[in-house]
Structures are given as structure tokens and as C-alpha cells.
Amino acid sequence: MGRILVVDDEADVCQLMVKLLKRLGHEAYCATSGAEALSRVKGALPDLILLDVMMPEMSGFEVLSHLRVSQGVSVPVIIFTALSDPTIRKQAMDLGANDYWVKASMDLHDMTRRLNEHLSGAG
């Protein structure tokens, strides 16, 4: 199982995802802003990052770009957002995201399978 950082400015969503991931056997923790996420990654590199796009002050795209370019972080980053626009998905992938999940369309079995693929390096 993996160590997963959940980044979402909605604290309730963040805590819900952490509880779910812990039930699946992962170690999970929250960051509710882009700045907090970057700070946490500097402190201890997670095995995977679930990253929201729409956040105040620093968007998920800015966080992703900073992780990939400025910090050289290569751990899997999964964009986890309410946005289903294919243009936004392409932008995320172009910036170095490993996967793109639309919150409303994920089911538990698919999420578990895809998490395991990324954590095992097969994603």
C-alpha cells in the first residue's frame, strides 16, 4: 500500500478521501492549499498525489507544474477534479499528470484498480 497526499481546498472532500484511502489500506493525509501541498512534498515525498484543479491562490495546474519543473518530483500525480472538459484533461496530461479522474464518475472498484496500477509503477 502507499502513502498518498490528497490536495483539495474543500476540507470535507479532503477528509472524506483520506478516510476512504485509509480503509483501502493506504496511509493518507491532506493538504488544503497548493502551498501546503508543496511544503508537505518537500518534507516527505508521498508515493502518489491526488490533486484538485480548482483551488484559490494556486491552482492544481500551478502545483503540478511546480512539482514537475521546479522540484523535479516524479511521483505519480492524479488530477482529481469535478471538471470533465477534454481540453482541461489534455492540459493536465501535458503538464505531467499521470491520470485524470472526474470526481462524479469514479466508482470504488475502478479507483482502487487505478490507484494500485499507479502505486505499482504500471500506470
# chains A, B, ... in the order shown; residues from 1 in each chain; ligands from 1

call {"tool": "residues_around", "arguments": {"residues": "region 75-77 of chain A", "least_positions_apart": "3", "cutoff": "10 Å", "atoms": "only C-alpha atoms", "output": "VMD selection string"}}
result
chain A and resid 4 to 5 45 to 51 64 67 to 68 72 80 92 to 93 96 to 100 115 118 to 119 121 123

call {"tool": "write_last_selection", "arguments": {"atoms": "N, CA and C atoms", "output": "mmCIF file, in the first residue's frame"}}
result
data_model
loop_
_atom_site.group_PDB
_atom_site.id
_atom_site.type_symbol
_atom_site.label_atom_id
_atom_site.label_comp_id
_atom_site.auth_asym_id
_atom_site.auth_seq_id
_atom_site.Cartn_x
_atom_site.Cartn_y
_atom_site.Cartn_z
ATOM 1 N N ILE A 4 -0.282 8.428 0.387
ATOM 2 C CA ILE A 4 -0.970 9.269 -0.587
ATOM 3 C C ILE A 4 -1.300 10.631 0.003
ATOM 4 N N LEU A 5 -0.902 11.674 -0.720
ATOM 5 C CA LEU A 5 -1.239 13.052 -0.362
ATOM 6 C C LEU A 5 -2.463 13.463 -1.169
ATOM 7 N N LEU A 45 8.307 12.949 0.740
ATOM 8 C CA LEU A 45 7.752 12.637 -0.566
ATOM 9 C C LEU A 45 6.740 11.501 -0.463
ATOM 10 N N PRO A 46 5.486 11.748 -0.914
ATOM 11 C CA PRO A 46 4.493 10.668 -0.904
ATOM 12 C C PRO A 46 4.747 9.709 -2.068
ATOM 13 N N ASP A 47 4.012 8.606 -2.074
ATOM 14 C CA ASP A 47 4.107 7.653 -3.182
ATOM 15 C C ASP A 47 3.199 8.060 -4.337
ATOM 16 N N LEU A 48 2.184 8.893 -4.028
ATOM 17 C CA LEU A 48 1.207 9.312 -5.028
ATOM 18 C C LEU A 48 0.506 10.571 -4.523
ATOM 19 N N ILE A 49 0.111 11.437 -5.451
ATOM 20 C CA ILE A 49 -0.601 12.670 -5.098
ATOM 21 C C ILE A 49 -1.917 12.717 -5.859
ATOM 22 N N LEU A 50 -3.022 12.911 -5.124
ATOM 23 C CA LEU A 50 -4.336 13.178 -5.721
ATOM 24 C C LEU A 50 -4.519 14.680 -5.646
ATOM 25 N N LEU A 51 -4.673 15.344 -6.781
ATOM 26 C CA LEU A 51 -4.614 16.799 -6.845
ATOM 27 C C LEU A 51 -5.837 17.405 -7.515
ATOM 28 N N LEU A 64 1.083 21.290 -9.993
ATOM 29 C CA LEU A 64 1.659 20.237 -10.828
ATOM 30 C C LEU A 64 2.895 20.736 -11.571
ATOM 31 N N LEU A 67 5.735 21.121 -9.130
ATOM 32 C CA LEU A 67 6.273 19.812 -8.728
ATOM 33 C C LEU A 67 7.174 19.242 -9.816
ATOM 34 N N ARG A 68 6.696 19.272 -11.049
ATOM 35 C CA ARG A 68 7.434 18.651 -12.145
ATOM 36 C C ARG A 68 8.660 19.461 -12.569
ATOM 37 N N GLY A 72 11.269 18.831 -9.613
ATOM 38 C CA GLY A 72 11.678 17.590 -10.261
ATOM 39 C C GLY A 72 11.038 16.344 -9.654
ATOM 40 N N PHE A 80 -7.655 15.039 -9.716
ATOM 41 C CA PHE A 80 -8.924 14.563 -9.157
ATOM 42 C C PHE A 80 -9.835 15.774 -9.067
ATOM 43 N N ALA A 92 -3.832 18.981 -18.331
ATOM 44 C CA ALA A 92 -3.271 18.273 -17.169
ATOM 45 C C ALA A 92 -2.228 17.244 -17.600
ATOM 46 N N MET A 93 -2.555 16.477 -18.619
ATOM 47 C CA MET A 93 -1.636 15.448 -19.086
ATOM 48 C C MET A 93 -0.375 16.077 -19.692
ATOM 49 N N GLY A 96 2.143 16.938 -17.156
ATOM 50 C CA GLY A 96 2.818 15.827 -16.489
ATOM 51 C C GLY A 96 1.972 14.996 -15.547
ATOM 52 N N ALA A 97 0.647 15.191 -15.575
ATOM 53 C CA ALA A 97 -0.216 14.340 -14.754
ATOM 54 C C ALA A 97 -0.149 12.907 -15.275
ATOM 55 N N ASN A 98 -0.264 11.954 -14.377
ATOM 56 C CA ASN A 98 -0.241 10.546 -14.756
ATOM 57 C C ASN A 98 -1.622 9.994 -15.060
ATOM 58 N N ASP A 99 -2.647 10.671 -14.543
ATOM 59 C CA ASP A 99 -4.016 10.213 -14.757
ATOM 60 C C ASP A 99 -4.938 11.394 -14.470
ATOM 61 N N TYR A 100 -6.193 11.249 -14.877
ATOM 62 C CA TYR A 100 -7.183 12.318 -14.726
ATOM 63 C C TYR A 100 -8.493 11.674 -14.337
ATOM 64 N N LEU A 115 -5.521 3.175 -8.653
ATOM 65 C CA LEU A 115 -4.548 3.532 -7.615
ATOM 66 C C LEU A 115 -3.439 2.488 -7.541
ATOM 67 N N HIS A 118 -0.975 2.721 -10.428
ATOM 68 C CA HIS A 118 -0.007 3.824 -10.289
ATOM 69 C C HIS A 118 0.991 3.576 -9.182
ATOM 70 N N LEU A 119 0.536 2.996 -8.089
ATOM 71 C CA LEU A 119 1.436 2.727 -6.968
ATOM 72 C C LEU A 119 2.434 1.622 -7.283
ATOM 73 N N GLY A 121 3.681 1.210 -10.223
ATOM 74 C CA GLY A 121 4.525 1.667 -11.324
ATOM 75 C C GLY A 121 4.032 1.242 -12.694
ATOM 76 N N GLY A 123 1.210 2.300 -13.987
ATOM 77 C CA GLY A 123 0.333 3.300 -14.562
ATOM 78 C C GLY A 123 1.091 4.222 -15.357
#

call {"tool": "select_by_dssp", "arguments": {"residues": "chain A", "states": "helix (DSSP H, G or I)", "output": "NGL selection string"}}
result
:A and (11-23 or 34-43 or 60-70 or 86-94 or 103-105 or 108-119)

call {"tool": "write_last_selection", "arguments": {"atoms": "C-alpha atoms", "output": "compact mmCIF listing (two decimals), in the first residue's frame"}}
result
# COMPACT_ATOMS: atom_id res chain seq x y z
CA ALA A 11 -11.62 20.24 3.66
CA ASP A 12 -14.64 17.91 3.75
CA VAL A 13 -13.71 16.35 0.41
CA CYS A 14 -10.10 16.03 1.51
CA GLN A 15 -11.03 14.30 4.78
CA LEU A 16 -13.52 12.01 3.04
CA MET A 17 -10.87 10.87 0.55
CA VAL A 18 -8.35 10.33 3.36
CA LYS A 19 -10.85 8.14 5.25
CA LEU A 20 -11.61 6.14 2.11
CA LEU A 21 -7.93 5.66 1.27
CA LYS A 22 -7.18 4.56 4.83
CA ARG A 23 -9.99 1.99 4.64
CA GLY A 34 -1.28 24.39 -3.18
CA ALA A 35 1.30 25.99 -0.90
CA GLU A 36 0.62 23.43 1.83
CA ALA A 37 0.93 20.60 -0.71
CA LEU A 38 4.31 21.84 -1.92
CA SER A 39 5.51 22.21 1.66
CA ARG A 40 4.37 18.68 2.55
CA VAL A 41 6.09 17.21 -0.51
CA LYS A 42 9.34 18.92 0.47
CA GLY A 43 9.01 17.48 3.98
CA GLY A 60 -3.73 22.37 -9.24
CA PHE A 61 -2.07 23.07 -12.59
CA GLU A 62 0.32 25.51 -10.92
CA VAL A 63 1.08 22.95 -8.22
CA LEU A 64 1.66 20.24 -10.83
CA SER A 65 3.92 22.47 -12.88
CA HIS A 66 5.91 23.46 -9.79
CA LEU A 67 6.27 19.81 -8.73
CA ARG A 68 7.43 18.65 -12.14
CA VAL A 69 9.57 21.60 -13.23
CA SER A 70 10.87 23.36 -10.10
CA PRO A 86 -11.38 17.21 -22.53
CA THR A 87 -9.33 20.41 -23.02
CA ILE A 88 -8.65 20.60 -19.29
CA ARG A 89 -7.75 16.90 -19.25
CA LYS A 90 -5.27 17.42 -22.11
CA GLN A 91 -3.74 20.39 -20.31
CA ALA A 92 -3.27 18.27 -17.17
CA MET A 93 -1.64 15.45 -19.09
CA ASP A 94 0.60 17.89 -20.99
CA LYS A 103 -14.89 13.06 -9.12
CA ALA A 104 -18.53 12.37 -10.00
CA SER A 105 -17.73 9.47 -12.33
CA LEU A 108 -14.68 2.46 -5.78
CA HIS A 109 -13.56 -0.58 -7.78
CA ASP A 110 -12.18 1.49 -10.66
CA MET A 111 -10.48 3.89 -8.27
CA THR A 112 -8.87 1.02 -6.34
CA ARG A 113 -7.62 -0.66 -9.51
CA ARG A 114 -6.18 2.55 -10.92
CA LEU A 115 -4.55 3.53 -7.61
CA ASN A 116 -2.86 0.15 -7.42
CA GLU A 117 -1.62 0.47 -11.01
CA HIS A 118 -0.01 3.82 -10.29
CA LEU A 119 1.44 2.73 -6.97

call {"tool": "closest_residue", "arguments": {"among": "A:Ile78, A:Val7, A:Val102, A:Met1", "to": "Met55 (chain A)", "atoms": "only C-alpha atoms"}}
result
A:Val7

call {"tool": "select_by_dssp", "arguments": {"residues": "chain A", "states": "strand (DSSP E)", "output": "PyMOL selection string"}}
result
chain A and resi 3-7+27-31+48-51+77-81+99-102

call {"tool": "write_last_selection", "arguments": {"atoms": "N, CA and C atoms", "output": "JSON list (two decimals), in the first residue's frame"}}
result
[["chain", "number", "residue", "atom", "x", "y", "z"],
["A", 3, "ARG", "N", 1.64, 5.67, 0.39],
["A", 3, "ARG", "CA", 1.49, 6.92, 1.13],
["A", 3, "ARG", "C", 0.95, 7.95, 0.15],
["A", 4, "ILE", "N", -0.28, 8.43, 0.39],
["A", 4, "ILE", "CA", -0.97, 9.27, -0.59],
["A", 4, "ILE", "C", -1.30, 10.63, 0.00],
["A", 5, "LEU", "N", -0.90, 11.67, -0.72],
["A", 5, "LEU", "CA", -1.24, 13.05, -0.36],
["A", 5, "LEU", "C", -2.46, 13.46, -1.17],
["A", 6, "VAL", "N", -3.53, 13.87, -0.47],
["A", 6, "VAL", "CA", -4.74, 14.36, -1.12],
["A", 6, "VAL", "C", -4.72, 15.88, -1.01],
["A", 7, "VAL", "N", -4.83, 16.56, -2.15],
["A", 7, "VAL", "CA", -4.80, 18.02, -2.18],
["A", 7, "VAL", "C", -6.14, 18.52, -2.71],
["A", 27, "GLU", "N", -1.76, 4.81, 3.65],
["A", 27, "GLU", "CA", -1.50, 5.91, 4.57],
["A", 27, "GLU", "C", -1.86, 7.16, 3.76],
["A", 28, "ALA", "N", -2.75, 7.98, 4.28],
["A", 28, "ALA", "CA", -3.20, 9.15, 3.52],
["A", 28, "ALA", "C", -3.27, 10.36, 4.41],
["A", 29, "TYR", "N", -3.02, 11.52, 3.81],
["A", 29, "TYR", "CA", -3.09, 12.77, 4.55],
["A", 29, "TYR", "C", -3.46, 13.89, 3.60],
["A", 30, "CYS", "N", -3.91, 15.03, 4.17],
["A", 30, "CYS", "CA", -4.48, 16.15, 3.40],
["A", 30, "CYS", "C", -3.57, 17.36, 3.34],
["A", 31, "ALA", "N", -3.76, 18.10, 2.26],
["A", 31, "ALA", "CA", -3.28, 19.48, 2.15],
["A", 31, "ALA", "C", -4.45, 20.24, 1.54],
["A", 48, "LEU", "N", 2.18, 8.89, -4.03],
["A", 48, "LEU", "CA", 1.21, 9.31, -5.03],
["A", 48, "LEU", "C", 0.51, 10.57, -4.52],
["A", 49, "ILE", "N", 0.11, 11.44, -5.45],
["A", 49, "ILE", "CA", -0.60, 12.67, -5.10],
["A", 49, "ILE", "C", -1.92, 12.72, -5.86],
["A", 50, "LEU", "N", -3.02, 12.91, -5.12],
["A", 50, "LEU", "CA", -4.34, 13.18, -5.72],
["A", 50, "LEU", "C", -4.52, 14.68, -5.65],
["A", 51, "LEU", "N", -4.67, 15.34, -6.78],
["A", 51, "LEU", "CA", -4.61, 16.80, -6.85],
["A", 51, "LEU", "C", -5.84, 17.41, -7.52],
["A", 77, "VAL", "N", 1.09, 11.73, -10.16],
["A", 77, "VAL", "CA", 0.12, 12.76, -9.78],
["A", 77, "VAL", "C", -1.15, 12.49, -10.55],
["A", 78, "ILE", "N", -2.23, 12.31, -9.81],
["A", 78, "ILE", "CA", -3.54, 12.08, -10.42],
["A", 78, "ILE", "C", -4.39, 13.32, -10.19],
["A", 79, "ILE", "N", -4.81, 13.94, -11.28],
["A", 79, "ILE", "CA", -5.72, 15.06, -11.17],
["A", 79, "ILE", "C", -7.09, 14.50, -10.79],
["A", 80, "PHE", "N", -7.65, 15.04, -9.72],
["A", 80, "PHE", "CA", -8.92, 14.56, -9.16],
["A", 80, "PHE", "C", -9.83, 15.77, -9.07],
["A", 81, "THR", "N", -10.73, 15.93, -10.05],
["A", 81, "THR", "CA", -11.46, 17.18, -10.21],
["A", 81, "THR", "C", -12.91, 16.97, -10.63],
["A", 99, "ASP", "N", -2.65, 10.67, -14.54],
["A", 99, "ASP", "CA", -4.02, 10.21, -14.76],
["A", 99, "ASP", "C", -4.94, 11.39, -14.47],
["A", 100, "TYR", "N", -6.19, 11.25, -14.88],
["A", 100, "TYR", "CA", -7.18, 12.32, -14.73],
["A", 100, "TYR", "C", -8.49, 11.67, -14.34],
["A", 101, "TRP", "N", -8.98, 11.97, -13.14],
["A", 101, "TRP", "CA", -10.22, 11.40, -12.65],
["A", 101, "TRP", "C", -11.25, 12.49, -12.44],
["A", 102, "VAL", "N", -12.44, 12.26, -12.94],
["A", 102, "VAL", "CA", -13.56, 13.16, -12.69],
["A", 102, "VAL", "C", -14.28, 12.64, -11.44]]

call {"tool": "atom_distance", "arguments": {"atom1": "CA of Val73 (chain A)", "atom2": "CA of His26 (chain A)"}}
result
20.4 Å

call {"tool": "atom_distance", "arguments": {"atom1": "CA of Ser120 (chain A)", "atom2": "CA of Gly25 (chain A)"}}
result
14.5 Å

call {"tool": "atom_distance", "arguments": {"atom1": "CA of Ser84 (chain A)", "atom2": "CA of Leu24 (chain A)"}}
result
25.6 Å

call {"tool": "closest_residue", "arguments": {"among": "A:Met106, A:Leu83, A:Asp8, A:Thr32", "to": "Asp52 (chain A)", "atoms": "only C-alpha atoms"}}
result
A:Asp8

call {"tool": "closest_residue", "arguments": {"among": "A:Ser33, A:Ala44, A:Asp107, A:Ser74", "to": "Leu95 (chain A)", "atoms": "only C-alpha atoms"}}
result
A:Ser74

call {"tool": "decode", "arguments": {"residues": "region 68-83 of chain A", "atoms": "C-alpha atoms", "output": "PDB file, in the first residue's frame"}}
result
ATOM      1  CA  ARG A  68       7.434  18.651 -12.145  1.00  0.00           C
ATOM      2  CA  VAL A  69       9.575  21.602 -13.234  1.00  0.00           C
ATOM      3  CA  SER A  70      10.869  23.357 -10.104  1.00  0.00           C
ATOM      4  CA  GLN A  71      11.136  20.394  -7.742  1.00  0.00           C
ATOM      5  CA  GLY A  72      11.678  17.590 -10.261  1.00  0.00           C
ATOM      6  CA  VAL A  73       9.164  15.390  -8.443  1.00  0.00           C
ATOM      7  CA  SER A  74       8.369  12.283 -10.479  1.00  0.00           C
ATOM      8  CA  VAL A  75       5.872  10.524  -8.181  1.00  0.00           C
ATOM      9  CA  PRO A  76       2.520   9.809  -9.843  1.00  0.00           C
ATOM     10  CA  VAL A  77       0.125  12.761  -9.776  1.00  0.00           C
ATOM     11  CA  ILE A  78      -3.539  12.081 -10.418  1.00  0.00           C
ATOM     12  CA  ILE A  79      -5.723  15.063 -11.168  1.00  0.00           C
ATOM     13  CA  PHE A  80      -8.924  14.563  -9.157  1.00  0.00           C
ATOM     14  CA  THR A  81     -11.460  17.178 -10.214  1.00  0.00           C
ATOM     15  CA  ALA A  82     -15.076  17.998 -10.985  1.00  0.00           C
ATOM     16  CA  LEU A  83     -14.023  19.244 -14.446  1.00  0.00           C
TER      17      LEU A  83
END
